[in-house]
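Worksheet for the structure shown next.
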Amino acid sequence: MGLPDTDVTGRSLPQSGAWAKAAREDAQARLHAMGLPGRRDEYWKYTRPDTLIADDPAPAAVFHTDEAPLYDGIDRVKVVFIDGVFDAAASDPLELAGVEIERLETAAQTDIHWAKGLYGTLETNGQTPVARPLAALNTAYATDGVLIRVTGKADKPVSLIYRHENDASDAILHHVVKLEAGADLTLLENGPAAARFNKVLEVDVADGAAFHHVRAQGRDHERQAVTHIFARLGRESTFKSFTMTVNGRLTRNECVIELTGDDAVAHVAGAAMGDGEFHHDDTVFITHDAVNCESRQVFKKVLRNGATGVFQGKILVKPDAQKTDGYQKSQSLLLDDDAQFYAKPELEIYADDVICSHGSTTGAIDDEALFYLRSRGVPEVLATDLLVLAFLAEAIDEIEDEAIAEDVVSRLDAWLQRRRD
Amino acid sequence: MAGTDDMIAKDGVEEETVAAVKTLAGKYKYGWETEIEMEYAPKGVNPDIVRLISDKNEEPEWMTEWRLAAFERWEKMVEPSWALLNYPEIDFQDQYYYARPKSMEKKPESLEDVDPKLLATYEKLGIPLKEQMILAGVEGAEDIPAEGRKVAVDAVFDSVSVGTTFQAELQKAGVIFCSISEAIREHPELVKKYLGSVVPVSDNYYATLNSAVFSDGSFVYIPPGVRCPMELSTYFRINAENTGQFERTLIIADKGSYVSYLEGCTAPQRDVAQLHAAVVEIIIEEDAEVKYSTVQNWFPGDENGKGGIYNFVTKRADCRGDRSKVMWTQVETGSAVTWKYPSCILRGAESQGEFYSIAITNNYQQADTGTKMVHLGRDTKSRIVSKGISAGKAQNTYRGLVSMHPKAKNSRNYTQCDSLLIGDQCGAHTVPYIEVKNNSSRVEHEATTSKVDDEQMFYCRQRGMDEEEAVALIVNGFAKEVLQALPMEFAMEAQQLVAISLEGSVG
């Protein structure tokens with residue numbers, strides 16, 4: 001790809017102190033070397049990157065609703081970003097027992113910080129064997145984000161809230177979460193963030209630590225987002241991530257997990273519902289590099305009116321990763337003839353004592369189940385919605401906290417109801 | 001071992017099979033070479049070589065032009081690199097593209113005129129070119145009625161077809177079965193109409209090269225309403241050194257016809273890798289059915305990964321008519337490198353495609369194989385059953401596509417890909433692509449990867465089997481669904497092959 005010598009994006013690196021400057025310059029060099037994704041890239045076969053790499057974001061109208069915000073009844077530490085800019089007044093004090101919370105913008109000005117060696121490092125590890133240029137772009141140019149270090153068991157979640165107020169905003173945020181041995185944290189995310197949002201979350205889960213992550217991507221119809229999660233798991237650690245996506249013109253969620261310690265567990269799940277102009281892409285890459293680890297991917301999509309779903313999932317089992325248990329499931333429910341689904345569920349296995357499997361199905365709603373409900377007096381529209389929720393349940397079950405899971409279900413239910421009325 | 005499988009009816013056969021396999025232990029059975037005087041075209045490929053091949057086959061002008069156009073395209077193409085295969089760069093100019101036994105210079109009038117050395121070669125391979133009822137070496141076939149046991153054979157030796165059996169009898173039924181070079185001369189209207197209509201000249205790098213330099217292959221035409229009275233088969237033998245084999249097969253099943261076609265292949269054991277790039281095109285009209293079975297047993301290279309055949313094959317069936325049906329069955333045990341994706345274009349309404357595959361890789365073999373099911377017509381059905389077995393330091397990849405187009409309403413696909421790993425230095429990979437563009441169709445894909453089950457092993461060992469026999473039995477069980485889809489002669493050979501190709505993989 002023909003790249004100018006100076007700057008591929010026309011952006012300049014944010015002002016930083018020594019550690020962040022080095023990390024950003026490295027990322028800039030990586031980005032130059034790999035180039036921006038193009039339509040001919042195999043990794044972008046089913047999702048066009050054009051609007052994600054365009055100089056300016058396509059405008060996206062702000063979605064107004066009088067519904068109570070998600071997680072409203074849950075006690076949490078709120079960190080609010082409006083169009084990618086931190087809002088101190090709307091946020092809680094960044095204080096939580098056993099947890100240090102800092103903003104990238106301020107921490108980046110120092111010359112030494114614990115995030116050195118993590119910021120951009122997990123992203124770099126995740127660049128092979130497949131290049132993820134938009135993540136390198138993020139590391140280089142992210143304007144803000146949070147750096148969270150967890151030393152104990154956090155007694156409430158940290159909640160990142162992304163508001164969208166400007167139709168033409170273009171936000172780049174980069175978060176780093178470091179869980180020390182035995183630590184425990186739940187991270188919540190919700191909101192559309194901006195007209196175009198590029199986000200990277202790097203998570204380092206040390207031995208015996210546990211990380212729970214639940215996010216909802218915001219309902220603004222025209223918003224576009226490309227997000228990456230890079231996680232590294234130590235011995236006997238746990239990583240569980242769930243994402244709910246309803247609406248949004250284009251979403252590409254990449255999740256790159258490396259199981260480096262024995263007996264680690266990683267679960268990634270997603271429930272997506274799209275109506276009309278909706279393109280949702282889940283791209284997951286899980287590397288087993290230790291003994292007796294478990295990984296599980298469960299992705300469900302409900303699509304109608306020309307909505308498109310994409311799933312690219314891969315389990316890579318390295319030669320010494322014996323006793324691996326890898327499972328991958330991607331299913332789509334196509335509610336009408338205009339919806340489309342593309343899947344590429346891959347296994348690449350170099351160890352013999354493993355159990356790895358994947359399943360992928362696509363089809364319409366089950367006529368018999370529908371008939372059963374209708375014969376019991378449930379109107380067709382309602383019966384369809386019940387079956388949709390039942391279909392998504394397996395992904396939602398991956399959320400461990402019941403209150404949060406209920407909150408997520410109520411949003412999905414409300415979304416369906418708005419389309420019934 | 002293999003004999004305990006339920007396909008063999010008699011107890012006596014079981015022991016014989018075991019004994020037969022044992023005598024072959026650790027050796028590639030077909031690795032010998034026929035010493036025969038050969039005539040070669042100069043090394044390399046260029047328009048002159050293309051013309052020379054066309055001349056040797058006494059082709060009409062239009063065919064020569066077709067080849068030259070293909071060559072012109074090929075020169076502008078780039079060798080694909082997306083497969084999970086790792087092999088040294090191929091020097092396409094360091095190969096012979098045409099080699100024929102001197103004795104074939106004047107085409108023999110009948111099988112009696114063929115050089116006895118060539119006949120002996122096929123005799124030794126178990127493919128006698130006599131019009132006898134059964135293939136030699138098939139145990140247990142005596143019990144089957146004579147009519148069901150006839151197999152017509154087209155034997156291809158390096159670049160030429162040596163002979164085709166049962167031609168007269170097939171002719172009575174209206175079936176045309178001959179070498180493709182003969183078809184170009186004798187039935188130009190059919191060849192012109194169908195050649196390149198399923199695999200276009202520009203399809204892919206190897207298919208384009210094949211279009212330019214193919215030297216021989218088989219041609220089959222089954223007229224409307226005819227059920228081919230016997231199984232047809234082609235046996236490909238590479239004998240000459242440094243010679244690529246580029247064969248072309250064209251099968252046309254007209255309305256309401258049926259044919260079962262078998263393909264076998266072997267090559268001598270050599271240190272230097274050899275190239276094989278074939279194209280198979282199948283056209284299936286309304287209500288017709290074609291069964292295509294392959295046992296691919298090219299020389300796989302030695303246990304250190306030296307030599308072997310690089311096998312780049314394009315096979316595609318076009319189900320043009322409504323209710324047409326195709327079934328691909330392949331047993332891939334040979335070749336150092338396999339690049340092969342037999343595909344089905346399901347164009348006709350209610351047409352059906354099936355793909356059954358066993359790919360076994362041992363030592364340093366690499367296989368990247370699978371299928372494409374392209375659903376274009378309404379109510380089309382496809383089924384994929386793929387079993388990959390990897391041992392030694394081998395890499396085995398299933399790569400496939402299932403595509404449901406918007407007009408393929410009410411279509412179905414079911415895919416099952418299972419991989420078995422024997423040993424901790426091999427790899428098994430699955431790369432399926434699924435594309436669904438309508439909601440009345442249903443696509444299901446399942447894949448698993450596992451190793452030979454310890455409990456099953458223990459059970460077999462406890463009953464006195466040695467480790468290799470036990471593995472062969474378990475693998476045969478794992479692959480049973482595919483073995484059962486093969487015609488009987490092949491099923492037996494395939495079972496033996498499963499055991500032989502896994503020799504030395506345990507212990």
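Convention: chains lettered A, B, ... in structure tokens order; per-chain residue numbering from 1; ligands numbered from 1 as shown.
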Next on the checklist: Contacts from chain B to chain A, 8 Å maximum, only C-alpha atoms: show me the residue list as a PyMOL selection string.
Outcome noted: chain B and resi 406+421-451
Checklist entry - Can you list every residue in segment 68-302 of chain B that DSSP puts in alpha helix (DSSP H), as an NGL selection string? => result :B and (68-76 or 116-124 or 167-172 or 180-186 or 188-194 or 205-213)
Checklist entry - Interatomic distance between atom CA of Asp322 of chain B and atom CA of Leu483 of chain B? => result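 According to the coordinates, atom CA of Asp322 of chain B and atom CA of Leu483 of chain B are separated by 28.3 Å.
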Item to check | Spatial neighbours of Leu85 of chain B, max dist 8 Å, only C-alpha atoms, sep filter under 2 positions, as a list in words | outcome: Ser81, Ala83, Tyr87, Val337, Gln366, Ala367 and Asp368 of chain B
I need the residues from that last selection saved to file as a PDB file, in the first residue's frame (with N, CA and C atoms), if you can.
```pdb
ATOM      1  N   SER B  81      -0.972 -18.117  -2.781  1.00  0.00           N
ATOM      2  CA  SER B  81      -0.197 -18.464  -1.582  1.00  0.00           C
ATOM      3  C   SER B  81      -1.085 -18.561  -0.346  1.00  0.00           C
ATOM      4  N   ALA B  83      -3.114 -20.918   0.705  1.00  0.00           N
ATOM      5  CA  ALA B  83      -3.300 -22.211   1.374  1.00  0.00           C
ATOM      6  C   ALA B  83      -2.261 -22.380   2.484  1.00  0.00           C
ATOM      7  N   TYR B  87       6.080 -25.111   0.734  1.00  0.00           N
ATOM      8  CA  TYR B  87       6.923 -25.930  -0.132  1.00  0.00           C
ATOM      9  C   TYR B  87       7.858 -25.012  -0.898  1.00  0.00           C
ATOM     10  N   VAL B 337       2.260 -32.615  -1.303  1.00  0.00           N
ATOM     11  CA  VAL B 337       1.447 -31.413  -1.131  1.00  0.00           C
ATOM     12  C   VAL B 337       0.135 -31.626  -1.893  1.00  0.00           C
ATOM     13  N   GLN B 366       1.617 -32.533   3.431  1.00  0.00           N
ATOM     14  CA  GLN B 366       0.743 -31.397   3.716  1.00  0.00           C
ATOM     15  C   GLN B 366      -0.473 -31.478   2.797  1.00  0.00           C
ATOM     16  N   ALA B 367      -1.640 -31.313   3.391  1.00  0.00           N
ATOM     17  CA  ALA B 367      -2.854 -31.329   2.574  1.00  0.00           C
ATOM     18  C   ALA B 367      -3.692 -30.114   2.919  1.00  0.00           C
ATOM     19  N   ASP B 368      -4.125 -29.402   1.914  1.00  0.00           N
ATOM     20  CA  ASP B 368      -5.067 -28.299   2.099  1.00  0.00           C
ATOM     21  C   ASP B 368      -6.193 -28.630   1.133  1.00  0.00           C
TER      22      ASP B 368
END
```
Item to check | Nearest candidate to Val279 of chain B (options B:Gly256, B:Gly196, B:Gly353, B:Pro300; using only C-alpha atoms) | outcome: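 The answer is B:Gly196, which sits nearest to Val279 of chain B.
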Checklist entry - Hey, what's within 9 Å of Ser357 of chain B if we count only C-alpha atoms and toss same-chain stuff fewer than 3 positions away? As a PyMOL selection string, please? => result chain B and resi 328-332+369-370+384-388+479+482-483
Write out, as a PDB file, in the first residue's frame, the residues just selected, with N, CA and C atoms.
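Contents of result.pdb, as written:
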```pdb
ATOM      1  N   TRP B 328     -19.086 -36.366  -4.804  1.00  0.00           N
ATOM      2  CA  TRP B 328     -17.631 -36.488  -4.839  1.00  0.00           C
ATOM      3  C   TRP B 328     -17.204 -37.333  -3.642  1.00  0.00           C
ATOM      4  N   THR B 329     -16.420 -38.330  -3.870  1.00  0.00           N
ATOM      5  CA  THR B 329     -15.837 -39.045  -2.738  1.00  0.00           C
ATOM      6  C   THR B 329     -14.339 -39.097  -2.967  1.00  0.00           C
ATOM      7  N   GLN B 330     -13.581 -38.706  -2.011  1.00  0.00           N
ATOM      8  CA  GLN B 330     -12.139 -38.751  -2.211  1.00  0.00           C
ATOM      9  C   GLN B 330     -11.420 -39.345  -1.012  1.00  0.00           C
ATOM     10  N   VAL B 331     -10.425 -40.158  -1.320  1.00  0.00           N
ATOM     11  CA  VAL B 331      -9.537 -40.667  -0.286  1.00  0.00           C
ATOM     12  C   VAL B 331      -8.150 -40.165  -0.673  1.00  0.00           C
ATOM     13  N   GLU B 332      -7.641 -39.238   0.122  1.00  0.00           N
ATOM     14  CA  GLU B 332      -6.381 -38.590  -0.217  1.00  0.00           C
ATOM     15  C   GLU B 332      -5.308 -39.121   0.723  1.00  0.00           C
ATOM     16  N   THR B 369      -7.271 -29.191   1.668  1.00  0.00           N
ATOM     17  CA  THR B 369      -8.315 -29.695   0.781  1.00  0.00           C
ATOM     18  C   THR B 369      -9.692 -29.495   1.393  1.00  0.00           C
ATOM     19  N   GLY B 370     -10.711 -29.491   0.541  1.00  0.00           N
ATOM     20  CA  GLY B 370     -12.073 -29.272   0.999  1.00  0.00           C
ATOM     21  C   GLY B 370     -12.980 -29.126  -0.192  1.00  0.00           C
ATOM     22  N   ILE B 384     -21.585 -32.133   3.401  1.00  0.00           N
ATOM     23  CA  ILE B 384     -20.125 -32.241   3.404  1.00  0.00           C
ATOM     24  C   ILE B 384     -19.707 -33.071   4.610  1.00  0.00           C
ATOM     25  N   VAL B 385     -18.982 -34.132   4.359  1.00  0.00           N
ATOM     26  CA  VAL B 385     -18.433 -34.908   5.468  1.00  0.00           C
ATOM     27  C   VAL B 385     -16.935 -35.029   5.218  1.00  0.00           C
ATOM     28  N   SER B 386     -16.158 -34.398   6.051  1.00  0.00           N
ATOM     29  CA  SER B 386     -14.716 -34.395   5.833  1.00  0.00           C
ATOM     30  C   SER B 386     -14.001 -34.940   7.059  1.00  0.00           C
ATOM     31  N   LYS B 387     -13.104 -35.890   6.833  1.00  0.00           N
ATOM     32  CA  LYS B 387     -12.352 -36.484   7.937  1.00  0.00           C
ATOM     33  C   LYS B 387     -10.874 -36.285   7.656  1.00  0.00           C
ATOM     34  N   GLY B 388     -10.215 -35.538   8.477  1.00  0.00           N
ATOM     35  CA  GLY B 388      -8.788 -35.307   8.305  1.00  0.00           C
ATOM     36  C   GLY B 388      -8.017 -36.057   9.370  1.00  0.00           C
ATOM     37  N   ALA B 479     -13.327 -42.936   9.959  1.00  0.00           N
ATOM     38  CA  ALA B 479     -13.535 -42.544   8.570  1.00  0.00           C
ATOM     39  C   ALA B 479     -14.668 -43.317   7.889  1.00  0.00           C
ATOM     40  N   VAL B 482     -17.227 -42.024   5.297  1.00  0.00           N
ATOM     41  CA  VAL B 482     -16.714 -41.726   3.963  1.00  0.00           C
ATOM     42  C   VAL B 482     -16.409 -43.014   3.207  1.00  0.00           C
ATOM     43  N   LEU B 483     -15.796 -43.976   3.881  1.00  0.00           N
ATOM     44  CA  LEU B 483     -15.469 -45.254   3.231  1.00  0.00           C
ATOM     45  C   LEU B 483     -16.718 -45.912   2.667  1.00  0.00           C
TER      46      LEU B 483
END
```
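Using only C-alpha atoms, the protein and nucleic acid residues lying no more than 8 Å from Tyr205 of chain B, apart from those fewer than 6 places from it along its own chain, are Trp74, Met77, Val78, Glu79 and Pro80 of chain B.
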Checklist entry - Which residues come within 7 Å of Pro47 of chain B, counting only C-alpha atoms, excluding same-chain residues fewer than 3 positions away, as a ChimeraX atom specification? => result /B:50-51,68
Please save C-alpha atoms of the selected residues as an mmCIF file, in the first residue's frame.
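Writing the result to result38.cif gives the following:
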```cif
data_model
loop_
_atom_site.group_PDB
_atom_site.id
_atom_site.type_symbol
_atom_site.label_atom_id
_atom_site.label_comp_id
_atom_site.auth_asym_id
_atom_site.auth_seq_id
_atom_site.Cartn_x
_atom_site.Cartn_y
_atom_site.Cartn_z
ATOM 1 C CA VAL B 50 2.012 -25.649 -26.245
ATOM 2 C CA ARG B 51 1.898 -25.986 -30.067
ATOM 3 C CA LEU B 68 -2.332 -20.558 -26.638
#
```
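Put simply, atom CA of Ala266 of chain A is 21.6 Å away from atom CA of Ala403 of chain A.
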Item to check | Near-Pro188 of chain B list (12 Å; only C-alpha atoms; drop same-chain fewer than 6 positions) as a list in words | outcome: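 So the residues in contact are Glu59, Pro60, Glu61, Trp62, Met63, Ile180, Ser181, Glu182, Tyr194, Leu195 and Phe219 of chain B.
Of note, atom CA of Lys409 of chain B and atom CA of Leu376 of chain B are spaced 8.7 Å apart.
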Checklist entry - So which one's closest to Ala216 of chain A, A:Leu233, A:Asp282, A:His32, A:Gly270? Using only C-alpha atoms, please. => result A:Gly270
Next on the checklist: With DSSP run on the backbone, what are the strand (DSSP E) residues within segment 178-307 of chain A? I'd like them as a ChimeraX atom specification.
Outcome noted: /A:178-179,184-190,196-205,210-216,224-233,238-246,250-259,265-275,279-288,294-304
